[in-house]
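One file, target.txt, is given below (compact mmCIF, C-alpha atoms).
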```
# COMPACT_ATOMS: atom_id res chain seq x y z
CA MET Z 324 -12.98 8.86 17.49
CA PRO Z 325 -13.02 11.24 14.54
CA ASP Z 326 -15.86 13.54 13.58
CA SER Z 327 -18.63 12.03 11.47
CA GLY Z 328 -17.95 14.63 8.78
CA PHE Z 329 -15.62 12.37 6.75
CA ARG Z 330 -15.35 8.81 5.52
CA MET Z 331 -12.32 6.82 4.37
CA THR Z 332 -13.83 5.40 1.20
CA ARG Z 333 -11.09 3.13 -0.15
CA LEU Z 334 -7.37 2.38 0.05
CA TYR Z 335 -5.84 4.48 -2.73
CA HIS Z 336 -2.78 2.39 -3.56
CA PRO Z 337 0.37 0.88 -2.08
CA SER Z 338 3.52 2.56 -3.39
CA HIS Z 339 6.62 0.55 -4.25
CA HIS Z 340 9.98 2.11 -5.12
CA VAL Z 341 12.12 0.27 -7.68
CA THR Z 342 15.21 0.75 -9.80
CA ASP Z 343 13.64 -0.35 -13.11
CA LEU Z 344 9.98 0.10 -14.08
CA ARG Z 345 10.17 -2.21 -17.10
CA GLU Z 346 11.61 -5.01 -14.97
CA ALA Z 347 8.75 -4.57 -12.48
CA GLU Z 348 6.11 -4.60 -15.23
CA ASP Z 349 7.58 -7.79 -16.69
CA TRP Z 350 7.69 -9.41 -13.24
CA PHE Z 351 4.03 -8.67 -12.49
CA GLU Z 352 2.95 -10.05 -15.85
CA ARG Z 353 5.02 -13.20 -15.43
CA VAL Z 354 4.41 -13.94 -11.75
CA PHE Z 355 1.03 -12.36 -10.98
CA GLY Z 356 -0.37 -12.73 -14.49
CA ARG Z 357 -1.34 -9.04 -14.47
CA ARG Z 358 -0.58 -6.38 -17.06
CA SER Z 359 0.62 -3.03 -15.75
CA HIS Z 360 -0.42 0.38 -17.04
CA PRO Z 361 2.10 3.25 -17.21
CA MET Z 362 0.81 6.57 -15.92
CA ALA Z 363 1.46 8.00 -19.37
CA GLU Z 364 -1.56 6.02 -20.64
CA MET Z 365 -3.77 8.61 -18.93
CA THR Z 366 -2.40 11.44 -21.04
CA LYS Z 367 -1.93 9.79 -24.44
CA ASN Z 368 -5.14 11.42 -25.70
CA ALA Z 369 -4.93 14.55 -23.57
CA PRO Z 370 -2.17 16.96 -22.57
CA ALA Z 371 -0.40 16.26 -19.29
CA SER Z 372 -0.46 18.79 -16.49
CA LYS Z 373 2.21 21.36 -17.14
CA GLY Z 374 5.49 20.37 -15.57
CA TYR Z 375 4.14 17.13 -14.07
CA PRO Z 376 6.03 13.96 -15.08
CA THR Z 377 4.12 10.94 -16.38
CA ASP Z 378 6.98 8.49 -16.87
CA TYR Z 379 7.82 7.73 -13.23
CA SER Z 380 4.95 5.41 -12.29
CA THR Z 381 3.11 2.30 -13.44
CA PHE Z 382 -0.10 0.82 -12.00
CA THR Z 383 -0.97 -2.86 -11.69
CA PRO Z 384 -4.57 -3.90 -10.89
CA ILE Z 385 -4.65 -6.96 -8.60
CA ASN Z 386 -8.26 -7.74 -7.66
CA ASP Z 387 -9.17 -5.26 -4.87
CA VAL Z 388 -5.77 -3.50 -4.92
CA LEU Z 389 -4.31 -0.92 -7.28
CA PHE Z 390 -0.53 -1.35 -6.96
CA ASP Z 391 1.70 1.63 -7.80
CA THR Z 392 5.34 1.11 -8.78
CA ILE Z 393 7.57 4.19 -8.82
CA ASP Z 394 11.04 4.94 -10.11
CA PRO Z 395 12.11 7.72 -7.69
CA LYS Z 396 14.75 9.02 -10.11
CA ARG Z 397 11.98 10.05 -12.52
CA TYR Z 398 9.73 11.75 -9.97
CA VAL Z 399 10.95 15.32 -10.40
CA LEU Z 400 8.75 18.32 -9.58
CA ASN Z 401 9.93 21.91 -9.96
CA GLY Z 402 13.38 20.57 -10.81
CA ILE Z 403 13.70 18.58 -7.56
CA GLN Z 404 13.69 14.79 -7.22
CA ARG Z 405 11.03 14.32 -4.54
CA TYR Z 406 11.87 10.75 -3.42
CA ALA Z 407 15.30 9.38 -2.61
CA SER Z 408 16.75 6.91 -5.13
CA VAL Z 409 16.88 3.26 -4.07
CA ASP Z 410 19.50 0.59 -4.65
CA THR Z 411 17.05 -2.26 -4.11
CA PRO Z 412 13.23 -2.29 -4.43
CA HIS Z 413 11.13 -1.73 -1.30
CA LEU Z 414 7.54 -0.91 -0.36
CA LYS Z 415 7.20 2.77 0.53
CA GLY Z 416 3.72 3.66 1.78
CA PHE Z 417 0.01 3.87 1.07
CA GLY Z 418 -2.93 6.22 1.40
CA TRP Z 419 -6.68 6.60 1.13
CA TYR Z 420 -9.42 8.19 -0.90
CA VAL Z 421 -11.44 10.34 1.51
CA ASP Z 422 -14.97 11.73 1.38
CA GLY Z 423 -14.93 14.93 3.45
CA ILE Z 424 -11.18 15.33 3.24
CA ALA Z 425 -11.05 18.69 5.03
CA GLU Z 426 -12.62 17.13 8.12
CA ALA Z 427 -10.16 14.21 7.99
CA TYR Z 428 -7.31 16.72 7.83
CA ARG Z 429 -8.68 18.53 10.88
CA SER Z 430 -9.09 15.28 12.78
CA LEU Z 431 -5.43 14.45 12.19
CA ARG Z 432 -4.41 17.98 13.25
CA ASN Z 433 -6.46 17.64 16.43
CA ALA Z 434 -4.62 14.39 17.13
CA GLY Z 435 -1.30 16.22 16.91
CA VAL Z 436 -0.20 14.65 13.62
CA GLY Z 437 2.02 16.81 11.44
CA MET Z 438 1.34 16.93 7.70
CA VAL Z 439 2.85 18.30 4.50
CA GLY Z 440 1.66 19.08 0.98
CA GLN Z 441 2.79 17.46 -2.26
CA LEU Z 442 5.93 19.62 -2.40
CA ASP Z 443 6.69 18.82 1.26
CA GLU Z 444 5.63 22.27 2.44
CA PRO Z 445 4.31 22.18 6.03
CA ALA Z 446 0.52 22.02 6.22
CA GLU Z 447 -0.71 24.89 8.37
CA GLY Z 448 -4.12 26.33 9.15
CA ASP Z 449 -7.57 24.76 9.15
CA ASP Z 450 -7.72 23.84 5.47
CA PRO Z 451 -5.66 21.09 3.82
CA PRO Z 452 -3.00 21.96 1.23
CA THR Z 453 -3.82 21.50 -2.45
CA ALA Z 454 -1.92 20.03 -5.38
CA PRO Z 455 0.42 22.50 -7.14
CA GLY Z 456 -1.62 24.55 -9.59
CA SER Z 457 -4.85 22.76 -8.66
CA PRO Z 458 -7.65 23.22 -6.12
CA MET Z 459 -7.62 19.48 -5.31
CA PRO Z 460 -6.76 18.83 -1.64
CA ILE Z 461 -3.88 16.42 -1.12
CA PHE Z 462 -1.62 15.93 1.88
CA PHE Z 463 0.70 13.47 3.61
CA THR Z 464 1.45 12.66 7.23
CA VAL Z 465 4.92 13.25 8.65
CA PRO Z 466 6.58 9.90 9.55
CA GLU Z 467 7.91 11.27 12.85
CA ASP Z 468 4.31 11.71 14.03
CA ALA Z 469 2.54 8.92 12.12
CA GLY Z 470 5.21 6.28 11.56
CA LEU Z 471 4.67 6.36 7.79
CA ARG Z 472 4.04 8.93 5.09
CA TYR Z 473 0.32 8.27 4.61
CA GLU Z 474 -1.37 9.97 1.66
CA PHE Z 475 -4.88 11.48 1.54
CA LEU Z 476 -6.88 12.76 -1.42
CA PRO Z 477 -10.52 12.92 -2.51
CA GLN Z 478 -11.90 10.13 -4.68
CA ILE Z 479 -11.45 11.80 -8.06
CA PRO Z 480 -11.88 10.18 -11.48
CA PHE Z 481 -8.73 8.12 -12.08
CA PRO Z 482 -8.75 6.17 -15.36
CA LEU Z 483 -6.15 3.62 -14.22
CA ASP Z 484 -8.09 2.62 -11.08
CA HIS Z 485 -10.18 -0.35 -12.18
CA ARG Z 486 -12.19 -0.31 -8.93
CA LEU Z 487 -13.77 3.05 -9.76
CA ALA Z 488 -15.67 1.67 -12.74
CA GLU Z 489 -19.44 1.85 -12.24
CA GLY Z 490 -20.75 -1.36 -10.67
CA TRP Z 491 -17.28 -2.80 -9.93
CA GLU Z 492 -17.28 -5.74 -7.52
CA LEU Z 493 -14.58 -8.07 -6.30
CA PRO Z 494 -14.29 -10.70 -9.03
CA PRO Z 495 -14.34 -14.45 -8.33
CA VAL Z 496 -11.07 -16.38 -8.53
CA SER Z 497 -10.18 -16.81 -12.17
CA ALA Z 498 -9.10 -20.17 -13.56
CA ASP Z 499 -6.47 -18.22 -15.52
CA ASP Z 500 -4.99 -16.61 -12.39
CA PRO Z 501 -1.67 -18.40 -11.79
CA LEU Z 502 -1.78 -17.52 -8.08
CA GLY Z 503 -5.52 -17.99 -7.48
CA ILE Z 504 -5.88 -14.67 -5.64
CA VAL Z 505 -9.16 -14.00 -3.84
CA ARG Z 506 -8.35 -10.56 -2.38
CA CYS Z 507 -5.80 -8.71 -0.28
CA SER Z 508 -5.75 -10.21 3.21
CA HIS Z 509 -3.70 -7.46 4.89
CA HIS Z 510 -0.82 -5.01 4.70
CA THR Z 511 2.04 -5.40 7.21
CA VAL Z 512 3.75 -2.40 8.80
CA LEU Z 513 6.70 -2.99 11.13
CA THR Z 514 6.98 -0.74 14.16
CA ASP Z 515 8.17 -0.46 17.73
CA ARG Z 516 5.47 2.13 18.48
CA VAL Z 517 2.07 0.62 17.93
CA ASP Z 518 0.53 3.44 19.96
CA ARG Z 519 1.77 5.99 17.41
CA ALA Z 520 0.17 4.07 14.54
CA LEU Z 521 -3.12 3.59 16.38
CA ARG Z 522 -3.31 7.30 17.18
CA VAL Z 523 -3.54 7.84 13.42
CA VAL Z 524 -5.52 4.92 12.00
CA VAL Z 525 -7.87 4.39 14.96
CA ASP Z 526 -8.14 7.61 16.99
CA ALA Z 527 -7.97 10.09 14.11
CA LEU Z 528 -9.27 8.11 11.13
CA GLY Z 529 -11.82 5.81 12.75
CA GLY Z 530 -10.29 2.38 12.16
CA ARG Z 531 -11.13 -0.51 14.48
CA VAL Z 532 -8.77 -2.98 16.16
CA ILE Z 533 -10.07 -6.42 15.18
CA HIS Z 534 -7.36 -8.72 16.54
CA GLN Z 535 -4.19 -8.81 18.60
CA GLY Z 536 -1.81 -11.74 18.96
CA ARG Z 537 1.33 -13.49 17.84
CA ASN Z 538 2.29 -13.79 14.20
CA GLU Z 539 4.60 -16.79 14.45
CA VAL Z 540 5.38 -16.81 10.73
CA LEU Z 541 6.72 -13.25 10.92
CA GLY Z 542 7.99 -13.59 14.48
CA ALA Z 543 6.13 -10.59 15.87
CA ASP Z 544 3.45 -9.35 18.23
CA SER Z 545 0.76 -7.91 15.99
CA THR Z 546 -2.24 -5.60 16.16
CA TYR Z 547 -4.68 -5.72 13.25
CA VAL Z 548 -6.83 -2.74 12.27
CA HIS Z 549 -9.75 -2.69 9.84
CA LEU Z 550 -10.07 0.70 8.14
CA SER Z 551 -12.16 1.42 5.07
CA ASP Z 552 -11.87 -1.61 2.76
CA ALA Z 553 -8.61 -3.09 4.08
CA VAL Z 554 -6.84 -4.63 7.09
CA PHE Z 555 -3.49 -3.37 8.38
CA GLU Z 556 -1.13 -5.36 10.59
CA TYR Z 557 1.09 -3.29 12.90
CA ALA Z 558 3.77 -5.76 13.93
CA VAL Z 559 6.55 -5.48 16.52
CA PRO Z 560 9.14 -7.96 15.21
CA ASP Z 561 11.36 -10.08 17.42
CA ALA Z 562 15.08 -9.28 17.43
CA GLY Z 563 17.02 -11.51 15.08
CA THR Z 564 14.18 -12.00 12.60
CA ALA Z 565 14.08 -10.92 8.96
CA GLY Z 566 11.27 -8.54 9.90
CA HIS Z 567 13.40 -6.88 12.56
CA ALA Z 568 16.25 -6.43 10.08
CA ASP Z 569 13.84 -4.80 7.64
CA TRP Z 570 12.41 -2.50 10.34
CA THR Z 571 15.88 -1.23 11.29
CA LEU Z 572 16.31 0.16 7.75
CA LYS Z 573 13.83 2.94 8.57
CA ALA Z 574 13.87 3.05 12.37
CA PRO Z 575 12.72 5.00 14.30
CA ASP Z 576 10.09 5.40 11.54
CA ASP Z 577 7.87 2.46 10.68
CA THR Z 578 8.52 0.19 7.69
CA TYR Z 579 5.94 -0.93 5.14
CA HIS Z 580 7.05 -4.55 4.94
CA SER Z 581 4.70 -6.72 2.92
CA ILE Z 582 1.29 -7.47 1.43
CA THR Z 583 -0.47 -10.76 2.09
CA TRP Z 584 -3.05 -12.16 -0.33
CA GLU Z 585 -5.91 -14.51 0.41
CA VAL Z 586 -5.65 -17.33 -2.13
CA ALA Z 587 -7.67 -20.37 -3.07
CA ASP Z 588 -4.87 -22.97 -2.90
CA LEU Z 589 -1.35 -22.76 -1.46
CA ASP Z 590 -0.08 -25.64 -3.59
CA ARG Z 591 -1.08 -23.69 -6.69
CA VAL Z 592 0.87 -20.69 -5.41
CA ALA Z 593 3.96 -22.70 -4.48
CA HIS Z 594 4.07 -24.51 -7.84
CA HIS Z 595 3.78 -21.28 -9.83
CA LEU Z 596 6.34 -19.36 -7.76
CA ARG Z 597 8.88 -22.14 -8.20
CA ALA Z 598 8.20 -22.27 -11.94
CA GLN Z 599 8.93 -18.53 -12.12
CA GLY Z 600 12.12 -18.70 -10.09
CA VAL Z 601 10.62 -17.15 -6.95
CA GLY Z 602 11.80 -18.88 -3.77
CA VAL Z 603 9.64 -19.74 -0.78
CA ARG Z 604 11.00 -18.39 2.50
CA THR Z 605 8.44 -19.99 4.83
CA ARG Z 606 5.44 -22.28 4.52
CA THR Z 607 2.88 -23.46 7.08
CA ASP Z 608 -0.48 -25.19 6.76
CA ASP Z 609 -2.22 -21.95 5.77
CA THR Z 610 0.50 -19.41 4.86
CA LEU Z 611 3.38 -19.06 2.42
CA ILE Z 612 5.99 -16.28 2.31
CA ALA Z 613 7.98 -15.55 -0.84
CA GLU Z 614 11.70 -14.79 -0.86
CA PRO Z 615 11.99 -11.02 -1.45
CA GLU Z 616 15.30 -11.33 -3.30
CA ASN Z 617 13.56 -12.62 -6.42
CA ALA Z 618 10.16 -11.02 -5.77
CA LEU Z 619 10.83 -7.32 -6.39
CA GLY Z 620 12.15 -6.95 -2.84
CA ILE Z 621 8.82 -7.86 -1.21
CA PRO Z 622 8.24 -10.89 1.05
CA TRP Z 623 4.76 -11.38 -0.42
CA GLY Z 624 2.46 -13.41 1.78
CA PHE Z 625 -0.20 -15.86 0.58
CA THR Z 626 -2.77 -17.34 2.94
CA THR Z 627 -5.95 -19.38 2.85
CA ARG Z 628 -7.30 -17.78 6.03
CA LEU Z 629 -8.18 -14.16 6.78
CA THR Z 630 -7.28 -12.51 10.07
CA PRO Z 631 -9.56 -13.41 13.01
CA GLY Z 632 -12.20 -10.70 13.34
CA ASP Z 633 -11.90 -9.54 9.72
CA PRO Z 634 -15.44 -8.37 8.86
CA ARG Z 635 -14.93 -9.46 5.25
CA ASP Z 636 -14.61 -13.09 6.33
CA ALA Z 637 -18.39 -13.48 6.33
CA ALA Z 638 -18.84 -11.76 2.98
```
For the structure just supplied, provide its representation as structure tokens.
Amino acid sequence: MPDSGFRMTRLYHPSHHVTDLREAEDWFERVFGRRSHPMAEMTKNAPASKGYPTDYSTFTPINDVLFDTIDPKRYVLNGIQRYASVDTPHLKGFGWYVDGIAEAYRSLRNAGVGMVGQLDEPAEGDDPPTAPGSPMPIFFTVPEDAGLRYEFLPQIPFPLDHRLAEGWELPPVSADDPLGIVRCSHHTVLTDRVDRALRVVVDALGGRVIHQGRNEVLGADSTYVHLSDAVFEYAVPDAGTAGHADWTLKAPDDTYHSITWEVADLDRVAHHLRAQGVGVRTRTDDTLIAEPENALGIPWGFTTRLTPGDPRDAA
């Protein structure tokens, strides 16, 4: 278990790489009923950081999640495009706000997890790297050691993060919400090395395994971890499944596959998705999976039941 000198305070945001930001913004407004906010909104009344682009990213608030959509072609720092371009949209990764970030960095180092700074320079020494031209600590895990490129930064003021407003609480389901979303149920990561993932999220960061079992909808053996304010499914998909095909795109690294939402009514979800031209890949008594081809490349999940052992189930 990690030292008590740090705390993972909140999931920062999922990152999604797309070919067209405007198309993604329109899709979220039409299908999720949520307006997106370009990063440039933060600097319209103040100068941007010198040399830092503000046109590559847009943020969509969805209840307890801040969703970040990125056009990799526009993310250029020091004249270098930092993320590879994509031909089709795909989830990329996620990270956390951390209180006591230096101690979290040291805990990961002690666990043998390699890390890099924002410009992909190797993180060395006892102190975490900082943002270019700034004293703010920020670092990322190396996928070879962690499975994914996880991001870590302190909880700084961030105008586009609705959850940082004073007194913010998870809102009740809105009658105007076309999908009837309650909250995020869990994030699904595909892997063939669950032990590698658990070394990071449990051993180094202090997460807790809350459930293990079959996910028949996905066709996988899954381990669920509660860390900070979210649940993460680390799933080993069966050969021949859509999940296995998605995992092979990044293998031997892990693949951030999907996000599942707890909703009030599956019929409401199914009716709205069909009305918006989004197909349904799978449906059971308590779960529905969207077709990624017309859902920004994501097989979004919708469920009326949280994972067994989820501590939020009693909230």
Using only C-alpha atoms, can you list as a compact mmCIF listing (two decimals) with C-alpha atoms, in the coordinates of the input the residues within 12 Å of (7.1, -7.2, 14.8)?
```txt
# COMPACT_ATOMS: atom_id res chain seq x y z
CA THR Z 511 2.04 -5.40 7.21
CA VAL Z 512 3.75 -2.40 8.80
CA LEU Z 513 6.70 -2.99 11.13
CA THR Z 514 6.98 -0.74 14.16
CA ASP Z 515 8.17 -0.46 17.73
CA ARG Z 516 5.47 2.13 18.48
CA VAL Z 517 2.07 0.62 17.93
CA GLY Z 536 -1.81 -11.74 18.96
CA ARG Z 537 1.33 -13.49 17.84
CA ASN Z 538 2.29 -13.79 14.20
CA GLU Z 539 4.60 -16.79 14.45
CA VAL Z 540 5.38 -16.81 10.73
CA LEU Z 541 6.72 -13.25 10.92
CA GLY Z 542 7.99 -13.59 14.48
CA ALA Z 543 6.13 -10.59 15.87
CA ASP Z 544 3.45 -9.35 18.23
CA SER Z 545 0.76 -7.91 15.99
CA THR Z 546 -2.24 -5.60 16.16
CA TYR Z 547 -4.68 -5.72 13.25
CA GLU Z 556 -1.13 -5.36 10.59
CA TYR Z 557 1.09 -3.29 12.90
CA ALA Z 558 3.77 -5.76 13.93
CA VAL Z 559 6.55 -5.48 16.52
CA PRO Z 560 9.14 -7.96 15.21
CA ASP Z 561 11.36 -10.08 17.42
CA ALA Z 562 15.08 -9.28 17.43
CA GLY Z 563 17.02 -11.51 15.08
CA THR Z 564 14.18 -12.00 12.60
CA ALA Z 565 14.08 -10.92 8.96
CA GLY Z 566 11.27 -8.54 9.90
CA HIS Z 567 13.40 -6.88 12.56
CA ALA Z 568 16.25 -6.43 10.08
CA ASP Z 569 13.84 -4.80 7.64
CA TRP Z 570 12.41 -2.50 10.34
CA THR Z 571 15.88 -1.23 11.29
CA ASP Z 577 7.87 2.46 10.68
CA THR Z 578 8.52 0.19 7.69
CA TYR Z 579 5.94 -0.93 5.14
CA HIS Z 580 7.05 -4.55 4.94
```
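For the choices Z:Tyr428, Z:Phe382, Z:Trp419, Z:Phe625, the atom-to-atom distance to Z:Asp588 is smallest for Z:Phe625 when using only C-alpha atoms.
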Checklist entry - If we count all atoms listed in the file, what is near Z:Thr626 at a cut-off of 9 Å, once residues fewer than 3 positions away on the same chain are taken out, given as a VMD selection string? => result chain Z and resid 508 583 to 589 609 to 612 629
Checklist entry - With distances taken over only C-alpha atoms, which of Z:Pro460, Z:Gly490, Z:Pro501, Z:Pro477 is nearest to Z:Gly356? => result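 Looking only at the distances to Z:Gly356, the closest residue turns out to be Z:Pro501.
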Item to check | Among listed residues Z:Ser380, Z:Asn386, Z:Ser338, Z:Thr392, nearest Z:Val496 (using all atoms listed in the file) | outcome: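 Closest residue, counting all atoms listed in the file: Z:Asn386.
What separates atom CA of Z:Met362 from atom CA of Z:Ile393 is a distance of 10.1 Å.
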Checklist entry - Distance atom CA of Z:Pro376-atom CA of Z:Asp394, one decimal place? => result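 Interatomic distance, atom CA of Z:Pro376 to atom CA of Z:Asp394: 11.5 Å.
Atom CA of Z:Phe475 sits 25.7 Å away from atom CA of Z:Glu348.
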Checklist entry - Pick from Z:Lys396, Z:Thr381, Z:Val421, Z:Asp387: nearest to Z:Glu346, with all atoms listed in the file counted? => result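 The closest residue to Z:Glu346 is Z:Thr381.
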Item to check | Distance query 10 Å from (3.0, 20.2, -0.5) using only C-alpha atoms, result as a ChimeraX atom specification | outcome: /Z:438-446,451-455,460-463
Next on the checklist: Restricting the calculation to only C-alpha atoms: of Z:Ala407, Z:Pro631, Z:Pro412, Z:Leu572, which residue gets closest to Z:Gln535?
Outcome noted: Z:Pro631
Item to check | From Z:Leu400, Z:Val548, Z:Gln478, Z:His534, residue lying nearest Z:Asp422 [only C-alpha atoms] | outcome: Z:Gln478
Item to check | Long-range neighbours of stretch 592-601 of chain Z as a ChimeraX atom specification, 7 Å cut-off, only C-alpha atoms, 4 positions minimum in chain | outcome: /Z:354,501-502,588,613-614,617-618
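Shell of Z:Leu528 at 10 Å, with only C-alpha atoms counted and residues fewer than 2 places along the chain excluded, is Met324, Pro325, Asp326, Phe329, Arg330, Met331, Ala427, Tyr428, Ser430, Leu431, Ala434, Leu521, Arg522, Val523, Val524, Val525, Asp526, Gly530, Arg531, Leu550 and Ser551 of chain Z.
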Those residues with C-alpha atoms, as a short mmCIF file (atom, residue, chain, number, x, y, z; two decimals), in the coordinates of the input please?
```
data_model
loop_
_atom_site.label_atom_id
_atom_site.label_comp_id
_atom_site.auth_asym_id
_atom_site.auth_seq_id
_atom_site.Cartn_x
_atom_site.Cartn_y
_atom_site.Cartn_z
CA MET Z 324 -12.98 8.86 17.49
CA PRO Z 325 -13.02 11.24 14.54
CA ASP Z 326 -15.86 13.54 13.58
CA PHE Z 329 -15.62 12.37 6.75
CA ARG Z 330 -15.35 8.81 5.52
CA MET Z 331 -12.32 6.82 4.37
CA ALA Z 427 -10.16 14.21 7.99
CA TYR Z 428 -7.31 16.72 7.83
CA SER Z 430 -9.09 15.28 12.78
CA LEU Z 431 -5.43 14.45 12.19
CA ALA Z 434 -4.62 14.39 17.13
CA LEU Z 521 -3.12 3.59 16.38
CA ARG Z 522 -3.31 7.30 17.18
CA VAL Z 523 -3.54 7.84 13.42
CA VAL Z 524 -5.52 4.92 12.00
CA VAL Z 525 -7.87 4.39 14.96
CA ASP Z 526 -8.14 7.61 16.99
CA GLY Z 530 -10.29 2.38 12.16
CA ARG Z 531 -11.13 -0.51 14.48
CA LEU Z 550 -10.07 0.70 8.14
CA SER Z 551 -12.16 1.42 5.07
#
```
